$ cat input_26.csv   # CSV, C-alpha atoms and all ligand atoms
chain,number,residue,atom,x,y,z
A,1,MET,CA,11.2,22.4,-16.1
A,2,THR,CA,13.4,19.3,-16.2
A,3,LYS,CA,16.5,21.5,-15.4
A,4,GLU,CA,14.7,23.1,-12.5
A,5,LEU,CA,13.5,19.7,-11.3
A,6,ASP,CA,17.0,18.3,-11.5
A,7,LYS,CA,18.2,21.3,-9.5
A,8,ILE,CA,15.6,20.6,-6.8
A,9,ILE,CA,16.6,17.0,-6.6
A,10,ARG,CA,20.2,18.0,-6.2
A,11,ILE,CA,19.4,20.6,-3.5
A,12,MET,CA,17.4,18.1,-1.6
A,13,GLY,CA,20.2,15.5,-1.8
A,14,GLN,CA,23.3,17.7,-1.3
A,15,THR,CA,22.0,20.3,1.1
A,16,HIS,CA,19.4,18.4,3.0
A,17,GLY,CA,20.5,14.8,2.7
A,18,ARG,CA,17.1,13.7,1.3
A,19,ASP,CA,17.2,11.5,-1.7
A,20,ILE,CA,14.1,12.3,-3.8
A,21,SER,CA,15.6,11.0,-7.1
A,22,LEU,CA,13.6,7.7,-6.8
A,23,TYR,CA,10.3,9.5,-7.2
A,24,ASP,CA,8.5,9.8,-10.6
A,25,ASP,CA,9.1,13.2,-12.3
A,26,SER,CA,5.4,14.0,-12.8
A,27,PHE,CA,4.6,13.2,-9.2
A,28,LEU,CA,7.5,15.5,-8.1
A,29,VAL,CA,6.1,18.3,-10.3
A,30,LYS,CA,2.6,17.9,-8.9
A,31,SER,CA,4.0,17.9,-5.3
A,32,ILE,CA,6.0,21.1,-6.0
A,33,ASP,CA,2.9,22.7,-7.5
A,34,ARG,CA,1.1,21.9,-4.3
A,35,ARG,CA,3.9,23.5,-2.2
A,36,LEU,CA,3.8,26.6,-4.5
A,37,ALA,CA,0.1,26.9,-3.8
A,38,ASP,CA,0.5,26.4,0.0
A,39,THR,CA,3.5,28.7,0.4
A,40,GLY,CA,2.4,31.4,-2.1
A,41,ILE,CA,5.8,31.1,-3.8
A,42,ARG,CA,5.3,32.2,-7.4
A,43,ASN,CA,7.4,29.8,-9.6
A,44,ILE,CA,9.7,26.8,-9.5
A,45,GLY,CA,12.8,28.9,-9.8
A,46,ASN,CA,11.9,30.8,-6.6
A,47,TYR,CA,11.0,27.6,-5.0
A,48,SER,CA,14.3,26.0,-5.6
A,49,ARG,CA,16.0,29.1,-4.0
A,50,ALA,CA,13.6,28.8,-1.0
A,51,LEU,CA,14.6,25.1,-0.7
A,52,SER,CA,18.3,25.8,-0.7
A,53,GLU,CA,17.9,28.5,2.0
A,54,ASN,CA,15.2,27.0,4.2
A,55,SER,CA,15.5,23.6,5.8
A,56,THR,CA,12.0,23.7,7.3
A,57,GLU,CA,10.5,24.1,3.8
A,58,ALA,CA,12.8,21.2,2.6
A,59,GLU,CA,11.5,19.0,5.3
A,60,LEU,CA,7.8,20.0,4.6
A,61,PHE,CA,8.4,19.2,0.9
A,62,PHE,CA,10.0,15.9,1.7
A,63,ARG,CA,7.2,14.9,4.0
A,64,SER,CA,4.6,15.9,1.4
A,65,LEU,CA,6.0,13.1,-0.8
A,66,ASN,CA,5.0,10.4,1.5
A,67,ILE,CA,1.3,10.0,0.6
A,68,ARG,CA,-0.3,8.0,3.4
A,69,TYR,CA,-4.0,8.1,2.5
A,70,SER,CA,-5.9,4.8,2.7
A,71,GLU,CA,-9.4,3.6,3.5
A,72,PHE,CA,-11.2,0.3,4.1
A,73,PHE,CA,-12.5,-1.5,1.0
A,74,ARG,CA,-10.9,1.3,-1.0
A,75,ASN,CA,-11.5,-0.1,-4.4
A,76,PRO,CA,-15.0,-1.7,-4.7
A,77,LEU,CA,-14.2,-3.7,-7.9
A,78,THR,CA,-11.0,-5.2,-6.4
A,79,PHE,CA,-12.7,-6.1,-3.2
A,80,ALA,CA,-15.7,-7.6,-5.0
A,81,LEU,CA,-13.3,-9.9,-6.9
A,82,LEU,CA,-11.5,-10.8,-3.7
A,83,GLU,CA,-14.7,-11.6,-1.9
A,84,GLN,CA,-16.4,-13.5,-4.7
A,85,LEU,CA,-13.6,-15.2,-6.5
A,86,ILE,CA,-10.0,-15.0,-5.2
A,87,LEU,CA,-10.4,-15.7,-1.4
A,88,PRO,CA,-13.0,-18.5,-1.8
A,89,GLY,CA,-10.7,-20.0,-4.5
A,90,LEU,CA,-7.7,-19.8,-2.2
A,91,ALA,CA,-9.6,-21.4,0.6
A,92,ALA,CA,-10.8,-24.3,-1.6
A,93,LYS,CA,-7.2,-24.8,-2.9
A,94,LYS,CA,-5.8,-25.0,0.6
A,95,GLU,CA,-8.5,-27.4,1.8
A,96,LYS,CA,-7.8,-29.7,-1.2
A,97,SER,CA,-4.1,-29.7,-0.8
A,98,GLY,CA,-4.2,-30.1,2.9
A,99,ARG,CA,-1.8,-27.1,3.3
A,100,GLN,CA,-2.4,-25.2,6.4
A,101,GLU,CA,-3.0,-21.5,5.9
A,102,ILE,CA,-3.6,-18.7,3.4
A,103,ARG,CA,-0.6,-16.4,3.5
A,104,ILE,CA,-1.2,-12.7,2.7
A,105,TRP,CA,1.1,-9.7,2.5
A,106,SER,CA,-0.2,-6.2,2.6
A,107,ALA,CA,2.9,-4.3,1.3
A,108,ALA,CA,2.8,-0.6,2.0
A,109,CYS,CA,-0.2,-1.1,4.2
A,110,ALA,CA,-0.5,2.5,5.6
A,111,ALA,CA,-2.5,2.0,8.9
A,112,GLY,CA,-3.7,-1.5,7.8
A,113,GLN,CA,-7.0,-0.5,6.2
A,114,GLU,CA,-6.5,-3.0,3.3
A,115,ALA,CA,-5.2,-5.7,5.6
A,116,TYR,CA,-8.1,-5.4,7.9
A,117,SER,CA,-10.6,-5.3,5.0
A,118,ILE,CA,-9.2,-8.7,3.9
A,119,ALA,CA,-9.3,-10.0,7.4
A,120,ILE,CA,-13.0,-9.1,7.6
A,121,LEU,CA,-13.8,-10.9,4.4
A,122,LEU,CA,-11.9,-14.0,5.4
A,123,ASP,CA,-13.5,-14.0,8.9
A,124,GLU,CA,-16.9,-13.7,7.3
A,125,MET,CA,-16.1,-16.5,4.9
A,126,ALA,CA,-15.0,-18.8,7.7
A,127,ALA,CA,-18.2,-18.0,9.7
A,128,ALA,CA,-20.4,-18.7,6.7
A,129,GLY,CA,-18.7,-21.8,5.3
A,130,PRO,CA,-18.8,-25.4,6.3
A,131,SER,CA,-15.1,-25.4,7.3
A,132,SER,CA,-12.6,-22.6,7.9
A,133,VAL,CA,-9.1,-22.3,6.5
A,134,PRO,CA,-6.7,-20.4,8.8
A,135,PHE,CA,-5.0,-17.3,7.5
A,136,ARG,CA,-2.1,-15.1,8.3
A,137,ILE,CA,-1.8,-11.5,7.2
A,138,PHE,CA,1.5,-9.6,7.3
A,139,ALA,CA,1.1,-5.8,7.0
A,140,THR,CA,4.2,-3.7,6.4
A,141,ASP,CA,5.0,-0.1,5.7
A,142,ILE,CA,7.9,2.4,6.2
A,143,SER,CA,5.8,4.7,8.3
A,144,GLU,CA,6.1,3.8,12.0
A,145,LYS,CA,3.4,6.3,12.8
A,146,ASP,CA,0.9,4.4,10.6
A,147,LEU,CA,2.0,1.0,11.8
A,148,LEU,CA,1.2,2.2,15.4
A,149,THR,CA,-2.3,3.3,14.3
A,150,GLY,CA,-2.7,0.0,12.6
A,151,ARG,CA,-1.8,-2.0,15.7
A,152,THR,CA,-4.2,0.2,17.8
A,153,GLY,CA,-6.9,-0.3,15.2
A,154,ALA,CA,-8.6,3.0,15.7
A,155,PHE,CA,-9.9,4.9,12.7
A,156,ASP,CA,-12.0,8.0,11.9
A,157,SER,CA,-15.3,7.8,10.2
A,158,ALA,CA,-13.9,8.8,6.8
A,159,ALA,CA,-11.6,5.7,6.7
A,160,VAL,CA,-14.6,3.4,7.3
A,161,GLN,CA,-17.0,5.0,4.9
A,162,ASN,CA,-17.0,2.0,2.6
A,163,VAL,CA,-17.5,-0.6,5.3
A,164,ARG,CA,-20.9,-2.3,5.2
A,165,MET,CA,-23.1,-1.6,8.2
A,166,LYS,CA,-23.1,-5.2,9.4
A,167,TYR,CA,-19.3,-5.3,9.4
A,168,LEU,CA,-19.2,-2.0,11.3
A,169,ARG,CA,-21.5,-3.4,13.9
A,170,HIS,CA,-19.7,-6.7,14.1
A,171,TYR,CA,-16.0,-5.8,13.9
A,172,PHE,CA,-15.8,-2.3,15.4
A,173,THR,CA,-16.7,-0.5,18.5
A,174,LYS,CA,-17.7,3.2,18.1
A,175,ASN,CA,-16.7,6.0,20.4
A,176,GLY,CA,-17.8,9.4,19.1
A,177,GLU,CA,-16.3,9.5,15.6
A,178,THR,CA,-13.7,6.9,16.3
A,179,TYR,CA,-14.2,3.3,15.1
A,180,THR,CA,-11.9,0.7,16.8
A,181,LEU,CA,-11.5,-2.8,15.6
A,182,VAL,CA,-12.4,-5.5,18.0
A,183,PRO,CA,-9.3,-7.4,19.4
A,184,ALA,CA,-10.3,-10.7,17.8
A,185,LEU,CA,-9.8,-9.0,14.3
A,186,ARG,CA,-6.8,-6.9,15.3
A,187,ASN,CA,-5.0,-10.1,16.3
A,188,ARG,CA,-5.3,-11.5,12.8
A,189,VAL,CA,-2.9,-8.9,11.3
A,190,ASP,CA,0.9,-8.8,12.1
A,191,PHE,CA,2.3,-5.3,11.6
A,192,SER,CA,6.0,-4.6,11.0
A,193,ALA,CA,8.3,-2.0,9.4
A,194,TYR,CA,9.6,-3.0,6.0
A,195,ASP,CA,11.0,-0.9,3.2
A,196,LEU,CA,10.1,-2.2,-0.2
A,197,LEU,CA,13.3,-0.6,-1.6
A,198,GLU,CA,15.7,-2.5,0.6
A,199,GLU,CA,17.8,-4.9,-1.4
A,200,THR,CA,18.8,-7.6,0.9
A,201,SER,CA,15.6,-9.6,1.2
A,202,SER,CA,12.7,-10.6,-1.0
A,203,CYS,CA,10.0,-10.5,1.7
A,204,PRO,CA,9.5,-9.0,5.2
A,205,PRO,CA,11.5,-10.9,7.8
A,206,ILE,CA,8.5,-11.3,10.0
A,207,SER,CA,7.0,-13.7,7.4
A,208,ILE,CA,10.3,-15.7,7.4
A,209,PHE,CA,9.8,-17.3,4.0
A,210,GLY,CA,7.3,-15.3,1.9
A,211,ASP,CA,5.4,-17.8,-0.2
A,212,PHE,CA,2.4,-15.6,-0.3
A,213,ASP,CA,-0.9,-16.6,-1.8
A,214,LEU,CA,-1.9,-13.0,-2.1
A,215,VAL,CA,0.1,-9.8,-2.1
A,216,ILE,CA,-1.7,-6.4,-2.1
A,217,CYS,CA,0.7,-3.6,-3.0
A,218,SER,CA,-1.5,-0.7,-4.1
A,219,ASN,CA,-1.3,3.0,-4.6
A,220,LEU,CA,2.5,3.2,-4.1
A,221,LEU,CA,4.0,2.2,-7.5
A,222,PHE,CA,2.9,5.3,-9.4
A,223,TYR,CA,4.8,7.6,-7.0
A,224,TYR,CA,8.1,6.0,-8.0
A,225,ARG,CA,10.3,6.2,-11.2
A,226,PRO,CA,9.6,3.3,-13.7
A,227,ASP,CA,12.9,1.5,-12.9
A,228,VAL,CA,12.1,1.7,-9.1
A,229,ARG,CA,8.5,0.4,-9.7
A,230,HIS,CA,10.1,-2.6,-11.4
A,231,ARG,CA,12.4,-3.2,-8.6
A,232,ILE,CA,9.4,-3.3,-6.2
A,233,LEU,CA,7.5,-5.5,-8.5
A,234,ASP,CA,10.4,-8.0,-8.8
A,235,LYS,CA,10.6,-8.3,-5.1
A,236,VAL,CA,6.8,-8.8,-4.8
A,237,TYR,CA,6.8,-11.3,-7.6
A,238,ASN,CA,9.6,-13.3,-6.0
A,239,SER,CA,7.7,-13.4,-2.7
A,240,MET,CA,4.5,-14.9,-4.3
A,241,SER,CA,3.7,-18.6,-4.4
A,242,PRO,CA,3.1,-20.2,-7.8
A,243,GLY,CA,-0.5,-19.4,-8.8
A,244,GLY,CA,-0.5,-16.6,-6.2
A,245,TYR,CA,-2.3,-13.3,-6.7
A,246,LEU,CA,-1.1,-9.7,-6.8
A,247,VAL,CA,-3.4,-6.7,-6.3
A,248,THR,CA,-2.3,-3.1,-7.1
A,249,GLY,CA,-4.2,0.2,-7.3
A,250,GLU,CA,-6.5,0.5,-10.3
A,251,ALA,CA,-4.5,3.5,-11.6
A,252,GLU,CA,-1.4,1.2,-11.5
A,253,ARG,CA,-3.0,-1.6,-13.6
A,254,ASP,CA,-1.2,-0.5,-16.7
A,255,ILE,CA,2.2,-0.7,-15.0
A,256,VAL,CA,1.6,-4.4,-14.3
A,257,VAL,CA,-0.6,-5.6,-17.1
A,258,ARG,CA,2.2,-6.3,-19.6
A,259,LEU,CA,4.6,-7.9,-17.2
A,260,GLU,CA,5.8,-11.4,-18.0
A,261,GLY,CA,4.8,-14.0,-15.5
A,262,LEU,CA,1.6,-12.4,-14.5
A,263,ARG,CA,-1.9,-12.5,-16.1
A,264,ALA,CA,-4.8,-10.1,-15.4
A,265,VAL,CA,-7.6,-12.0,-13.8
A,266,ALA,CA,-10.4,-9.7,-15.1
A,267,PRO,CA,-10.5,-7.1,-17.9
A,268,PHE,CA,-10.7,-4.0,-15.7
A,269,ALA,CA,-9.5,-5.0,-12.3
A,270,ALA,CA,-5.9,-4.6,-11.0
A,271,VAL,CA,-5.8,-8.2,-9.9
A,272,PHE,CA,-3.1,-10.5,-11.4
A,273,GLN,CA,-2.2,-14.1,-11.0
A,274,LYS,CA,1.3,-15.6,-11.2
A,275,ASN,CA,1.7,-18.1,-14.0
B,1,LIG,C1,-1.0,6.1,-0.6
B,1,LIG,S1,-0.6,5.0,0.7
B,1,LIG,C2,-1.4,3.5,0.1
B,1,LIG,C3,-1.9,2.7,1.3
B,1,LIG,C4,-2.7,1.4,0.8
B,1,LIG,N1,-1.8,0.5,0.1
B,1,LIG,C5,-3.8,1.8,-0.1
B,1,LIG,O1,-3.8,1.5,-1.3
B,1,LIG,O2,-4.8,2.4,0.4
B,1,LIG,C6,1.1,4.6,0.3
B,1,LIG,C7,1.9,3.9,1.4
B,1,LIG,O3,3.1,3.5,0.9
B,1,LIG,C8,4.1,3.6,1.9
B,1,LIG,N2,5.4,3.6,1.3
B,1,LIG,C9,6.0,4.5,0.5
B,1,LIG,N3,7.2,4.1,0.1
B,1,LIG,C10,7.4,2.8,0.7
B,1,LIG,C11,8.5,1.9,0.7
B,1,LIG,N4,9.6,2.2,0.0
B,1,LIG,N5,8.4,0.8,1.4
B,1,LIG,C12,7.2,0.5,2.1
B,1,LIG,N6,6.2,1.4,2.2
B,1,LIG,C13,6.3,2.5,1.5
B,1,LIG,C14,3.7,4.9,2.6
B,1,LIG,O4,4.3,5.0,3.9
B,1,LIG,C15,2.2,4.8,2.6
B,1,LIG,O5,1.7,4.3,3.8
$ encode --input "input_26.csv" --output "structure tokens"
Amino acid sequence: MTKELDKIIRIMGQTHGRDISLYDDSFLVKSIDRRLADTGIRNIGNYSRALSENSTEAELFFRSLNIRYSEFFRNPLTFALLEQLILPGLAAKKEKSGRQEIRIWSAACAAGQEAYSIAILLDEMAAAGPSSVPFRIFATDISEKDLLTGRTGAFDSAAVQNVRMKYLRHYFTKNGETYTLVPALRNRVDFSAYDLLEETSSCPPISIFGDFDLVICSNLLFYYRPDVRHRILDKVYNSMSPGGYLVTGEAERDIVVRLEGLRAVAPFAAVFQKN
């Protein structure tokens, strides 16, 4: 299998100019299995032949590697921790220190589902509390298509299935099966293109200086090879303020839990604090 996989990585690079060598082997194998099922091609040997002869299949395979699925309040445990502990703690810290705003980066944001979920929690907190701390959320991704959807703020019913009814009523307008965020909430999130693998900066240029109190980088690390995951984590770590928080996908918790400089905030959640 490894030999066949290496061959496919070579064909994609040399024949089609698509570098897939950064992806994790097991993810590539699963993706190839999905293409075998979809195309009816019998085995990986035949598939590598098809890839070398057929640039349409190569493009379909390449596109299948960019998993863009997301949803609002995707991980209930994480969002409960954010709502009950992390965000109120950050607001209290800001108020005490007199510093102006909570700075948040949603890295690999897809169409902004996570960024908007956090914006909803912060807006609710401000409405409920005695004073309100301003916040800025920077949402970045490599998919221009998703960034456009994010800016438009229109989502189908599957994406909002975890959104509480009172939030749906307050923050969205419904048209058929489409839920569109109200402009007041859309304006709280700044979308921009940013590749987490680029090596010349430690944070998205739109944020100017990073110094994030919270970075959410979830359901992306496990698609990449271990050394690439660590490159991404280094970048994210350097962009965080001292005492800042990092959130990953639950399935990615084990990748982060033993890293120096970060401590898990709770036994099961993928929420970490910079020492
Ligand atoms: C599965 S989605 C996860 C979205 C969201 N973070 C979540 O957990 O629901 C993965 C996202 O990572 C983005 N992505 C993949 N590689 C990236 C990179 N090198 N830099 C920035 N975004 C990337 C994809 O475009 C996609 O939107």
$ residues_around --input "input_26.csv" --residues "range 193-199 of chain A" --least-positions-apart "4" --cutoff "7 Å" --atoms "only C-alpha atoms" --output "JSON, numbers by chain"
{"A": [140, 141, 142, 144, 204, 232]}
$ residues_near_ligand --input "input_26.csv" --ligand "ligand LIG 1 (chain B)" --cutoff "10 Å" --atoms "all atoms listed in the file" --output "NGL selection string"
:A and (22-23 or 65-75 or 106-115 or 139-147 or 159 or 193-198 or 216-224 or 228-229 or 232 or 247-250)
$ residues_around --input "input_26.csv" --residues "range 168-177 of chain A" --least-positions-apart "4" --cutoff "9 Å" --atoms "all atoms listed in the file" --output "compact mmCIF listing (two decimals) with C-alpha atoms, in the coordinates of the input"
# COMPACT_ATOMS: atom_id res chain seq x y z
CA ILE A 120 -13.00 -9.10 7.60
CA ALA A 154 -8.60 3.00 15.70
CA PHE A 155 -9.90 4.90 12.70
CA ASP A 156 -12.00 8.00 11.90
CA SER A 157 -15.30 7.80 10.20
CA VAL A 160 -14.60 3.40 7.30
CA VAL A 163 -17.50 -0.60 5.30
CA ARG A 164 -20.90 -2.30 5.20
CA LEU A 181 -11.50 -2.80 15.60
CA VAL A 182 -12.40 -5.50 18.00
CA PRO A 183 -9.30 -7.40 19.40
CA ALA A 184 -10.30 -10.70 17.80
CA LEU A 185 -9.80 -9.00 14.30
$ atom_distance --input "input_26.csv" --atom1 "CA of Ile255 in chain A" --atom2 "CA of Val215 in chain A"
15.9 Å
$ closest_residue --input "input_26.csv" --among "A:Glu95, A:Glu4, A:Glu124, A:Glu59" --to "Gly17 in chain A" --atoms "all atoms listed in the file"
A:Glu59
$ residues_around --input "input_26.csv" --residues "Leu214 in chain A" --least-positions-apart "6" --cutoff "8 Å" --atoms "all atoms listed in the file" --output "NGL selection string"
:A and (103-105 or 240 or 244-247)
$ atom_distance --input "input_26.csv" --atom1 "CA of Asp227 in chain A" --atom2 "CA of Val256 in chain A"
12.8 Å
$ residues_around --input "input_26.csv" --residues "Ile118 in chain A" --least-positions-apart "5" --cutoff "9 Å" --atoms "all atoms listed in the file" --output "list in words"
Phe73, Phe79, Leu82, Glu83, Leu87, Gln113, Asp123 and Ile137 of chain A
$ atom_distance --input "input_26.csv" --atom1 "CA of Tyr116 in chain A" --atom2 "CA of Tyr179 in chain A"
12.8 Å
$ closest_residue --input "input_26.csv" --among "A:Asn187, A:Asn275, A:Ser201, A:Ser26" --to "Gly261 in chain A" --atoms "all atoms listed in the file"
A:Asn275
$ closest_residue --input "input_26.csv" --among "A:Pro76, A:Ala266, A:Ser64, A:Gln84" --to "Asn162 in chain A" --atoms "all atoms listed in the file"
A:Pro76
$ closest_residue --input "input_26.csv" --among "A:Val29, A:Leu81, A:Met12, A:Ala37" --to "Thr56 in chain A" --atoms "all atoms listed in the file"
A:Met12
$ decode --input "input_26.csv" --residues "range 149-159 of chain A" --atoms "all heavy atoms" --output "compact mmCIF listing (two decimals), in the first residue's frame"
# COMPACT_ATOMS: atom_id res chain seq x y z
N THR A 149 -19.37 32.66 1.43
CA THR A 149 -20.59 32.25 2.16
C THR A 149 -20.59 32.85 3.56
O THR A 149 -21.61 33.32 4.05
CB THR A 149 -20.65 30.70 2.27
OG1 THR A 149 -20.50 30.13 0.99
CG2 THR A 149 -21.94 30.24 2.90
N GLY A 150 -19.40 32.83 4.18
CA GLY A 150 -19.30 33.38 5.53
C GLY A 150 -19.71 34.84 5.56
O GLY A 150 -20.47 35.26 6.43
N ARG A 151 -19.20 35.59 4.60
CA ARG A 151 -19.53 37.04 4.59
C ARG A 151 -21.02 37.25 4.34
O ARG A 151 -21.63 38.15 4.88
CB ARG A 151 -18.73 37.74 3.49
CG ARG A 151 -17.25 37.85 3.84
CD ARG A 151 -16.47 38.65 2.79
NE ARG A 151 -15.06 38.48 3.01
CZ ARG A 151 -14.24 37.74 2.24
NH1 ARG A 151 -14.72 37.13 1.16
NH2 ARG A 151 -12.96 37.63 2.53
N THR A 152 -21.59 36.37 3.50
CA THR A 152 -23.02 36.49 3.19
C THR A 152 -23.86 36.10 4.40
O THR A 152 -24.95 36.63 4.63
CB THR A 152 -23.38 35.57 2.00
OG1 THR A 152 -22.38 35.74 1.01
CG2 THR A 152 -24.72 35.88 1.42
N GLY A 153 -23.35 35.11 5.14
CA GLY A 153 -24.03 34.70 6.39
C GLY A 153 -25.28 33.87 6.18
O GLY A 153 -26.14 33.83 7.06
N ALA A 154 -25.40 33.20 5.02
CA ALA A 154 -26.60 32.39 4.76
C ALA A 154 -26.26 30.90 4.85
O ALA A 154 -25.32 30.44 4.19
CB ALA A 154 -27.15 32.73 3.38
N PHE A 155 -27.04 30.17 5.64
CA PHE A 155 -26.74 28.76 5.91
C PHE A 155 -28.00 27.90 5.76
O PHE A 155 -29.11 28.39 5.97
CB PHE A 155 -26.20 28.61 7.35
CG PHE A 155 -24.90 29.35 7.55
CD1 PHE A 155 -24.91 30.68 7.97
CD2 PHE A 155 -23.69 28.74 7.29
CE1 PHE A 155 -23.73 31.38 8.14
CE2 PHE A 155 -22.49 29.44 7.46
CZ PHE A 155 -22.51 30.76 7.89
N ASP A 156 -27.78 26.61 5.43
CA ASP A 156 -28.95 25.73 5.34
C ASP A 156 -29.30 25.17 6.72
O ASP A 156 -28.55 25.34 7.69
CB ASP A 156 -28.73 24.62 4.31
CG ASP A 156 -27.59 23.70 4.69
OD1 ASP A 156 -27.23 23.66 5.88
OD2 ASP A 156 -27.04 23.03 3.80
N SER A 157 -30.44 24.50 6.79
CA SER A 157 -30.95 24.08 8.11
C SER A 157 -30.02 23.06 8.78
O SER A 157 -29.94 23.02 10.01
CB SER A 157 -32.37 23.53 7.99
OG SER A 157 -32.41 22.61 6.94
N ALA A 158 -29.29 22.26 7.99
CA ALA A 158 -28.38 21.27 8.60
C ALA A 158 -27.28 21.98 9.39
O ALA A 158 -26.87 21.52 10.45
CB ALA A 158 -27.77 20.37 7.52
N ALA A 159 -26.80 23.10 8.86
CA ALA A 159 -25.69 23.81 9.53
C ALA A 159 -26.12 24.40 10.87
O ALA A 159 -25.29 24.55 11.78
CB ALA A 159 -25.15 24.92 8.63
